[in-house]
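S.K.: Here it is, the structure in full.
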Amino acid sequence: MSIYDRIIANNGYVLQKIVAIEELSELQKELTKDLRGNANDEHIAEEMADVEIMLEQLKIMYGNDEEVKRYKELKISRII
């Protein structure tokens with residue numbers, strides 16, 4: 001069992017989905033501050049780490065890791 005599985009088992013799906021939404025919002029807030037000229041690179045890095053942690057949990061909860069990888073590859077190829 002991965003650390004992410006243990007966190008989900010301990011806190012439950014609903015709470016972790018709420019935390020994911022909160023972490024996305026906190027990253028959005030830090031990026032907005034950056035655009036206003038009040039960047040804090042350490043806060044941005046911290047919030048990015050939180051979002052990555054939550055994305056890993058969401059992939060477990062939705063069981064769609066391979067589908068996410070496929071979409072990432074497709075979207076990156078479109079961008080290029």
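Ordering of the structure tokens sets the chain letters (A, B, ...); residue numbers start at 1 within each chain; ligands are numbered from 1 in the order shown.
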I want to know what sits within 12 Å of Gln16 in chain A, based on only C-alpha atoms, with residues of the same chain fewer than 2 positions away left out; could you give that as a PDB file with C-alpha atoms, in the first residue's frame?
M.R.:
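Generated file (result17.pdb):
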ATOM      1  CA  TYR A   4      -1.188   7.893  -0.970  1.00  0.00           C
ATOM      2  CA  ASP A   5      -3.384   4.822  -0.451  1.00  0.00           C
ATOM      3  CA  ARG A   6      -2.810   5.099   3.297  1.00  0.00           C
ATOM      4  CA  ILE A   7      -3.757   8.789   3.327  1.00  0.00           C
ATOM      5  CA  ILE A   8      -6.954   8.044   1.381  1.00  0.00           C
ATOM      6  CA  ALA A   9      -7.810   5.100   3.661  1.00  0.00           C
ATOM      7  CA  ASN A  10      -7.227   7.246   6.740  1.00  0.00           C
ATOM      8  CA  ASN A  11      -9.135  10.334   5.597  1.00  0.00           C
ATOM      9  CA  GLY A  12     -11.669   8.999   3.092  1.00  0.00           C
ATOM     10  CA  TYR A  13     -12.501   9.923  -0.471  1.00  0.00           C
ATOM     11  CA  VAL A  14     -14.753  12.882   0.272  1.00  0.00           C
ATOM     12  CA  ILE A  18     -12.183  18.590  -0.626  1.00  0.00           C
ATOM     13  CA  VAL A  19      -8.483  18.926   0.206  1.00  0.00           C
ATOM     14  CA  ALA A  20      -7.644  18.647  -3.509  1.00  0.00           C
ATOM     15  CA  ILE A  21      -9.999  21.527  -4.283  1.00  0.00           C
ATOM     16  CA  GLU A  22      -8.467  23.593  -1.464  1.00  0.00           C
ATOM     17  CA  GLU A  23      -4.916  22.931  -2.665  1.00  0.00           C
ATOM     18  CA  ASP A  50       0.622  20.059  -2.529  1.00  0.00           C
ATOM     19  CA  VAL A  51      -1.236  19.933  -5.848  1.00  0.00           C
ATOM     20  CA  ILE A  53       0.373  15.137  -4.003  1.00  0.00           C
ATOM     21  CA  MET A  54      -3.355  15.586  -4.391  1.00  0.00           C
ATOM     22  CA  LEU A  55      -3.273  14.702  -8.105  1.00  0.00           C
ATOM     23  CA  GLU A  56      -1.585  11.399  -7.240  1.00  0.00           C
ATOM     24  CA  GLN A  57      -4.376  10.674  -4.769  1.00  0.00           C
ATOM     25  CA  LEU A  58      -7.074  11.612  -7.269  1.00  0.00           C
ATOM     26  CA  LYS A  59      -5.585   9.216  -9.831  1.00  0.00           C
ATOM     27  CA  ILE A  60      -5.833   6.436  -7.247  1.00  0.00           C
ATOM     28  CA  MET A  61      -9.379   7.377  -6.253  1.00  0.00           C
TER      29      MET A  61
END
S.K.: State, in Å with one decimal place, the distance from CA of Met48 in chain A to CA of Glu30 in chain A.
M.R.: 9.7 Å
S.K.: What's the 10 Å shell around Glu47 in chain A, counting only C-alpha atoms, without same-chain residues fewer than 4 positions away, as a list in words?
M.R.: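 Surrounding residues, per the criterion: Glu23, Leu24, Ser25, Glu26, Leu27, Gln28, Lys29, Glu30, Leu31, Asp41, Glu42, His43, Val51, Glu52 and Ile53 of chain A.
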S.K.: Distance CA of Lys75 in chain A-CA of Thr32 in chain A, one decimal place?
M.R.: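 Answer for the CA of Lys75 in chain A to CA of Thr32 in chain A separation: 24.5 Å.
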